[in-house]
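File shown here: final17.tsv, holding TSV, C-alpha atoms and all ligand atoms.
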```tsv
chain	number	residue	atom	x	y	z
A	1	MET	CA	0.00	0.00	0.00
A	2	ALA	CA	2.90	2.27	-0.80
A	3	ASP	CA	4.30	4.24	-3.72
A	4	ASP	CA	6.55	7.21	-4.44
A	5	LEU	CA	3.65	9.31	-5.66
A	6	SER	CA	2.18	9.44	-2.14
A	7	VAL	CA	5.35	11.26	-1.01
A	8	VAL	CA	5.14	13.74	-3.87
A	9	ASN	CA	1.47	14.50	-3.27
A	10	GLY	CA	2.00	14.74	0.48
A	11	ALA	CA	4.55	17.48	-0.19
A	12	ARG	CA	2.81	19.20	-3.12
A	13	VAL	CA	-0.46	19.73	-1.24
A	14	SER	CA	1.37	22.66	0.39
A	15	PHE	CA	0.85	24.40	-2.99
A	16	ALA	CA	-2.59	22.83	-3.65
A	17	LYS	CA	-1.00	20.66	-6.36
A	18	HIS	CA	-1.66	17.01	-7.14
A	19	LYS	CA	0.18	14.71	-9.56
A	20	ALA	CA	-1.19	11.54	-11.13
A	21	GLU	CA	2.18	10.38	-12.46
A	22	MET	CA	5.79	10.76	-11.40
A	23	ASP	CA	8.21	12.79	-13.50
A	24	ASP	CA	11.85	13.88	-13.08
A	25	SER	CA	10.95	16.94	-11.01
A	26	ASP	CA	9.12	14.65	-8.57
A	27	ALA	CA	12.17	12.44	-8.20
A	28	GLY	CA	14.18	15.62	-7.46
A	29	LEU	CA	11.58	16.65	-4.88
A	30	ILE	CA	11.88	13.27	-3.10
A	31	ARG	CA	15.68	13.60	-3.03
A	32	PHE	CA	15.30	17.10	-1.56
A	33	LEU	CA	12.83	15.97	1.11
A	34	MET	CA	15.12	13.09	2.10
A	35	ARG	CA	18.24	15.25	2.22
A	36	GLU	CA	16.61	18.05	4.22
A	37	ARG	CA	14.84	15.55	6.48
A	38	HIS	CA	11.33	16.76	5.71
A	39	GLY	CA	9.95	13.48	6.97
A	40	THR	CA	6.17	13.77	7.09
A	41	PRO	CA	5.48	13.34	3.32
A	42	PHE	CA	6.99	9.84	3.72
A	43	GLU	CA	4.21	8.89	6.12
A	44	HIS	CA	1.25	8.71	3.66
A	45	ASN	CA	1.60	5.04	2.81
A	46	SER	CA	1.89	1.74	4.61
A	47	PHE	CA	3.59	-1.63	4.44
A	48	ARG	CA	2.03	-4.64	6.15
A	49	PHE	CA	4.35	-7.52	7.00
A	50	HIS	CA	3.39	-10.92	8.39
A	51	ILE	CA	6.43	-12.02	10.38
A	52	ARG	CA	7.34	-15.34	11.94
A	53	THR	CA	10.35	-14.99	14.20
A	54	PRO	CA	11.86	-16.13	17.52
A	55	ILE	CA	10.63	-14.20	20.57
A	56	PHE	CA	14.08	-12.65	21.18
A	57	VAL	CA	13.95	-11.08	17.71
A	58	ALA	CA	10.35	-9.94	18.23
A	59	ARG	CA	11.38	-8.20	21.47
A	60	GLU	CA	13.93	-6.13	19.58
A	61	TRP	CA	11.39	-5.43	16.84
A	62	PHE	CA	8.64	-4.27	19.24
A	63	ARG	CA	10.91	-1.49	20.49
A	64	HIS	CA	10.06	0.30	17.24
A	65	ARG	CA	7.07	2.23	18.51
A	66	ILE	CA	6.03	3.96	15.31
A	67	GLY	CA	4.02	1.22	13.68
A	68	SER	CA	1.20	-1.18	14.60
A	69	PHE	CA	1.56	-4.72	15.89
A	70	ASN	CA	-0.74	-7.65	16.49
A	71	GLU	CA	0.87	-10.81	17.82
A	72	PHE	CA	0.04	-14.48	18.28
A	73	SER	CA	-1.33	-15.05	21.80
A	74	MET	CA	-0.04	-17.86	23.98
A	75	ARG	CA	-2.97	-17.11	26.31
A	76	TYR	CA	-5.57	-18.02	23.73
A	77	ALA	CA	-3.76	-20.59	21.60
A	78	LYS	CA	-1.41	-23.44	22.38
A	79	ALA	CA	2.26	-22.68	21.77
A	80	THR	CA	3.85	-24.50	18.86
A	81	ASP	CA	6.95	-26.66	19.27
A	82	ASP	CA	8.84	-24.51	16.79
A	83	PHE	CA	12.16	-23.18	18.11
A	84	TYR	CA	15.13	-21.36	16.64
A	85	VAL	CA	18.26	-23.43	16.13
A	86	PRO	CA	20.99	-21.42	14.37
A	87	GLU	CA	22.82	-22.94	11.44
A	88	PRO	CA	26.36	-23.99	12.46
A	89	GLU	CA	27.87	-20.98	10.64
A	90	ASP	CA	25.62	-18.63	12.65
A	91	VAL	CA	26.90	-19.82	16.00
A	92	ARG	CA	29.40	-17.13	16.96
A	93	GLY	CA	31.58	-16.01	19.82
A	94	GLN	CA	31.58	-12.48	21.26
A	95	VAL	CA	34.83	-10.58	21.74
A	96	GLY	CA	35.49	-7.06	23.02
A	97	LYS	CA	33.61	-4.49	25.09
A	98	PRO	CA	29.97	-3.32	25.08
A	99	GLY	CA	29.46	-1.02	22.09
A	100	ALA	CA	32.46	-2.52	20.26
A	101	TYR	CA	31.86	-6.25	20.17
A	102	SER	CA	33.02	-8.35	17.30
A	103	PHE	CA	31.37	-11.67	16.61
A	104	GLU	CA	33.71	-14.40	15.51
A	105	THR	CA	33.34	-17.85	14.08
A	106	VAL	CA	33.64	-20.65	16.62
A	107	GLU	CA	35.17	-24.10	16.21
A	108	PRO	CA	32.81	-26.60	14.52
A	109	GLU	CA	32.60	-28.66	17.75
A	110	VAL	CA	31.44	-25.59	19.68
A	111	ALA	CA	28.83	-24.83	17.00
A	112	GLU	CA	27.52	-28.38	17.16
A	113	ALA	CA	27.52	-28.42	20.98
A	114	THR	CA	25.53	-25.17	20.98
A	115	ARG	CA	22.93	-26.56	18.64
A	116	LYS	CA	22.69	-29.72	20.72
A	117	GLU	CA	22.28	-27.79	23.99
A	118	LEU	CA	19.59	-25.60	22.47
A	119	LYS	CA	17.66	-28.57	21.10
A	120	ALA	CA	17.82	-30.38	24.46
A	121	VAL	CA	16.56	-27.32	26.36
A	122	TYR	CA	13.77	-26.73	23.83
A	123	GLU	CA	12.64	-30.34	24.03
A	124	ALA	CA	12.63	-30.36	27.83
A	125	ALA	CA	10.86	-26.99	27.99
A	126	TYR	CA	8.17	-27.98	25.52
A	127	SER	CA	7.58	-31.30	27.31
A	128	ALA	CA	7.14	-29.44	30.62
A	129	TYR	CA	4.75	-27.01	28.87
A	130	GLU	CA	2.64	-29.86	27.52
A	131	ARG	CA	2.57	-31.63	30.89
A	132	LEU	CA	1.35	-28.48	32.61
A	133	VAL	CA	-1.33	-27.81	29.99
A	134	GLU	CA	-2.50	-31.43	30.23
A	135	GLN	CA	-2.81	-31.05	34.01
A	136	GLY	CA	-5.13	-28.10	33.45
A	137	VAL	CA	-2.70	-25.24	34.08
A	138	ALA	CA	-3.73	-22.12	32.13
A	139	ARG	CA	-1.76	-21.60	28.92
A	140	GLU	CA	-1.01	-18.04	30.03
A	141	LEU	CA	0.97	-19.46	32.98
A	142	ALA	CA	2.35	-22.65	31.46
A	143	ARG	CA	4.09	-20.58	28.76
A	144	ALA	CA	6.47	-19.27	31.43
A	145	VAL	CA	8.61	-22.38	30.93
A	146	LEU	CA	9.23	-21.61	27.24
A	147	PRO	CA	12.52	-19.99	26.20
A	148	VAL	CA	12.93	-16.89	24.04
A	149	GLY	CA	14.04	-19.09	21.11
A	150	ALA	CA	10.37	-20.10	20.65
A	151	TYR	CA	8.80	-18.75	17.47
A	152	THR	CA	6.02	-16.21	17.54
A	153	GLU	CA	4.19	-14.48	14.70
A	154	PHE	CA	2.81	-10.99	14.24
A	155	TYR	CA	1.55	-8.43	11.78
A	156	TRP	CA	3.49	-5.20	11.53
A	157	THR	CA	2.07	-2.22	9.67
A	158	VAL	CA	4.40	0.68	9.24
A	159	ASN	CA	4.86	3.73	7.03
A	160	ALA	CA	7.95	4.32	4.91
A	161	ARG	CA	9.44	6.89	7.27
A	162	ALA	CA	9.36	4.53	10.28
A	163	LEU	CA	10.39	1.62	8.06
A	164	MET	CA	13.50	3.54	6.96
A	165	ASN	CA	14.32	4.24	10.62
A	166	PHE	CA	13.99	0.50	11.31
A	167	LEU	CA	16.18	-0.38	8.32
A	168	SER	CA	18.76	2.18	9.28
A	169	LEU	CA	19.09	0.63	12.76
A	170	ARG	CA	18.42	-3.03	12.07
A	171	ASN	CA	19.91	-3.64	8.65
A	172	SER	CA	23.18	-2.46	10.01
A	173	GLU	CA	26.43	-4.04	11.08
A	174	THR	CA	25.70	-3.20	14.70
A	175	ALA	CA	22.35	-5.01	14.74
A	176	GLN	CA	22.03	-8.60	15.88
A	177	ARG	CA	22.44	-10.98	12.95
A	178	GLU	CA	19.04	-12.60	13.36
A	179	ILE	CA	16.99	-9.38	13.19
A	180	ARG	CA	19.27	-8.09	10.46
A	181	ARG	CA	18.23	-10.94	8.17
A	182	TYR	CA	14.59	-9.94	8.59
A	183	ALA	CA	15.45	-6.28	8.03
A	184	GLU	CA	17.24	-7.20	4.79
A	185	ALA	CA	14.06	-8.93	3.61
A	186	CYS	CA	11.86	-5.95	4.59
A	187	GLU	CA	14.24	-3.64	2.74
A	188	GLN	CA	13.55	-5.43	-0.54
A	189	PHE	CA	9.89	-4.41	-0.30
A	190	LEU	CA	10.81	-0.76	0.16
A	191	ALA	CA	13.11	-0.98	-2.87
A	192	GLU	CA	10.36	-2.60	-4.95
A	193	ARG	CA	7.41	-0.41	-3.95
A	194	MET	CA	9.12	2.96	-3.56
A	195	PRO	CA	12.21	2.84	-5.79
A	196	VAL	CA	12.79	6.61	-5.91
A	197	THR	CA	12.44	6.96	-2.14
A	198	TYR	CA	14.72	3.97	-1.66
A	199	THR	CA	17.43	5.38	-3.93
A	200	ALA	CA	17.25	8.69	-2.07
A	201	PHE	CA	17.50	6.84	1.27
A	202	LEU	CA	20.69	5.11	0.10
A	203	ALA	CA	22.12	8.37	-1.24
A	204	ASN	CA	21.42	9.92	2.16
A	205	ASP	CA	23.67	7.35	3.88
A	206	ARG	CA	20.63	5.38	5.06
A	207	ILE	CA	19.52	8.15	7.41
A	208	ALA	CA	15.73	8.15	7.73
A	209	PRO	CA	14.15	11.56	7.09
B	1	LIG	C1	22.18	-1.97	17.87
B	1	LIG	C2	21.08	-1.67	18.83
B	1	LIG	C3	21.26	-1.90	20.18
B	1	LIG	C4	20.24	-1.62	21.10
B	1	LIG	N1	20.46	-1.85	22.43
B	1	LIG	C5	19.48	-1.56	23.33
B	1	LIG	C6	19.66	-1.80	24.73
B	1	LIG	O1	20.69	-2.27	25.16
B	1	LIG	N2	18.63	-1.50	25.57
B	1	LIG	C7	17.46	-0.96	25.13
B	1	LIG	O2	16.57	-0.69	25.93
B	1	LIG	N3	17.26	-0.73	23.81
B	1	LIG	C8	18.23	-1.02	22.90
B	1	LIG	N4	18.01	-0.80	21.57
B	1	LIG	C9	16.70	-0.29	21.14
B	1	LIG	C10	16.76	1.23	20.84
B	1	LIG	O3	17.07	1.96	22.00
B	1	LIG	C11	15.39	1.70	20.27
B	1	LIG	O4	14.39	1.49	21.27
B	1	LIG	C12	14.95	0.98	19.04
B	1	LIG	O5	16.03	0.87	18.12
B	1	LIG	C13	13.80	1.72	18.38
B	1	LIG	O6	14.31	2.88	17.76
B	1	LIG	P1	13.46	4.21	17.63
B	1	LIG	O7	13.07	4.74	18.98
B	1	LIG	O8	14.24	5.15	16.75
B	1	LIG	O9	12.18	3.67	16.81
B	1	LIG	P2	10.65	4.05	16.95
B	1	LIG	O10	10.18	3.74	18.33
B	1	LIG	O11	9.94	3.41	15.80
B	1	LIG	O12	10.62	5.62	16.80
B	1	LIG	C14	10.90	6.23	15.54
B	1	LIG	C15	11.28	7.68	15.80
B	1	LIG	O13	10.16	8.36	16.36
B	1	LIG	C16	10.62	9.30	17.35
B	1	LIG	N5	10.05	8.92	18.66
B	1	LIG	C17	9.35	7.78	18.93
B	1	LIG	N6	8.95	7.79	20.21
B	1	LIG	C18	9.43	8.95	20.76
B	1	LIG	C19	9.38	9.51	22.06
B	1	LIG	N7	8.77	8.91	23.08
B	1	LIG	N8	9.94	10.69	22.24
B	1	LIG	C20	10.57	11.36	21.26
B	1	LIG	N9	10.70	10.86	19.97
B	1	LIG	C21	10.13	9.67	19.75
B	1	LIG	C22	12.14	9.24	17.36
B	1	LIG	O14	12.62	10.19	16.45
B	1	LIG	C23	12.42	7.86	16.84
B	1	LIG	O15	13.70	7.72	16.22
B	1	LIG	C24	19.01	-1.07	20.64
B	1	LIG	C25	18.83	-0.85	19.28
B	1	LIG	C26	19.84	-1.15	18.37
B	1	LIG	C27	19.60	-0.91	16.90
```

I'd like the structure from this file rewritten - as structure tokens, please.
Amino acid sequence: MADDLSVVNGARVSFAKHKAEMDDSDAGLIRFLMRERHGTPFEHNSFRFHIRTPIFVAREWFRHRIGSFNEFSMRYAKATDDFYVPEPEDVRGQVGKPGAYSFETVEPEVAEATRKELKAVYEAAYSAYERLVEQGVARELARAVLPVGAYTEFYWTVNARALMNFLSLRNSETAQREIRRYAEACEQFLAERMPVTYTAFLANDRIAP
């Protein structure tokens, strides 16, 4: 539900003007708005994503307040036994100080041991969850045994301005790898639906207006 023209018309209404098609002057206007950080014309559109992700990624995502969320409820529905196990190459070590960590490849045995530990914990946690639910414990309480590697799902509706802020922060080297992968995917939709805005965003060093 997004296109470049919505930015142009959002800005041109200041002069009681409306365009039905983009031309070169409109592309120039978008570049100007981006560069000068006139952000509000980028708000007259929306993207709706249906995301399935581990809870620890969702927690980072929900910090982005400008946007709307609706999430799967473990009060009303039974939790699934779907948990995040990183691929061996995604198991990494952490070196350095807060604010300047680097994440380095670990030995293959460490990667395998990590995956094994995670799987064992997930299995034990989900078994405990099922036992509690079977004994009549409310799902809203039984879920307390589940780890943050459990998958959740949600809808996220966001305008291009807030999406660019998200991309700037989360499709970045400093973001956690797992959320970054999702941000990379979201970025493709911005590039597809609002190509002029996207090009201007890149030219502006990925700073959201
Ligand atoms: C690498 C990284 C590390 C992080 N580490 C931590 C951490 O250790 N602890 C932690 O708590 N969080 C952490 N965060 C989360 C971070 O502090 C933000 O909460 C999150 O990135 C959302 O950013 P935002 O506020 O710009 O986004 P949104 O909430 O979507 O807001 C978008 C923009 O709207 C404006 N805005 C929104 N709400 C307000 C407001 N109340 N007042 C004024 N302006 C507002 C701001 O301009 C803001 O940039 C981290 C984020 C990143 C990317």

Inset, instruction - Between atom C25 of ligand LIG 1 (chain B) and atom CA of A:Asn165, measure the distance and give it in Å to one decimal. - result: 11.0 Å

Legend entry - Contacts with ligand LIG 1 (chain B) at most 6 Å, only C-alpha atoms and all ligand atoms counted, listed as a PyMOL selection string: chain A and resi 63-66+162+169-170+174-175

Only C-alpha atoms, please: the residues just picked out, written as a tab-separated table (two decimals), in the coordinates of the input.
```
chain	number	residue	atom	x	y	z
A	63	ARG	CA	10.91	-1.49	20.49
A	64	HIS	CA	10.06	0.30	17.24
A	65	ARG	CA	7.07	2.23	18.51
A	66	ILE	CA	6.03	3.96	15.31
A	162	ALA	CA	9.36	4.53	10.28
A	169	LEU	CA	19.09	0.63	12.76
A	170	ARG	CA	18.42	-3.03	12.07
A	174	THR	CA	25.70	-3.20	14.70
A	175	ALA	CA	22.35	-5.01	14.74
```

Inset, instruction - Dump as a PyMOL selection string all residues having an atom at most 10 Å from (16.2, 9.1, -4.8), computed in the file's coordinates with only C-alpha atoms. - result: chain A and resi 4+26-35+194-204

Inset, instruction - Measuring atom to atom with all atoms listed in the file, identify which of A:Gln176, A:Thr40, A:Thr53, A:Thr80 is nearest to A:Asn159. - result: A:Thr40

Inset, instruction - Point out the residue among A:Arg193, A:Arg92, A:Arg52, A:Arg131 with the least atom-to-atom distance to A:Ser6, counting all atoms listed in the file. - result: A:Arg193

Legend entry - Å distance separating atom CA of A:Leu5 from atom CA of A:Glu21, one decimal place: 7.0 Å

Legend entry - Å distance separating atom CA of A:Gly149 from atom CA of A:Leu190, one decimal place: 28.0 Å

Legend entry - Of the listed residues A:Tyr84, A:Pro209, A:Pro108, A:Pro41, that which approaches A:Glu123 most closely, counting only C-alpha atoms: A:Tyr84

Inset, instruction - Measuring atom to atom with all atoms listed in the file, identify which of A:Val7, A:Ala79, A:Met74, A:Ala191 is nearest to A:Glu140. - result: A:Met74

Inset, instruction - Rank nothing, just name the residue among A:Arg48, A:Arg177, A:Arg12, A:Lys119 nearest to A:Ser68, using only C-alpha atoms. - result: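 Among A:Arg48, A:Arg177, A:Arg12, A:Lys119, it is A:Arg48 that comes nearest to A:Ser68.
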
Legend entry - Nearest to A:Asn171, chosen from A:Trp61, A:Leu141, A:Phe49, A:Leu132, with all atoms listed in the file counted in the distances: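 With all atoms listed in the file as the atom set, the closest residue is A:Trp61.
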
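Selection around (-2.0, -17.0, 21.8) with radius 10 Å, counting all atoms listed in the file, yields the residues A:Glu71, A:Phe72, A:Ser73, A:Met74, A:Arg75, A:Tyr76, A:Ala77, A:Lys78, A:Ala79, A:Thr80, A:Arg139, A:Glu140, A:Arg143, A:Thr152, A:Glu153.
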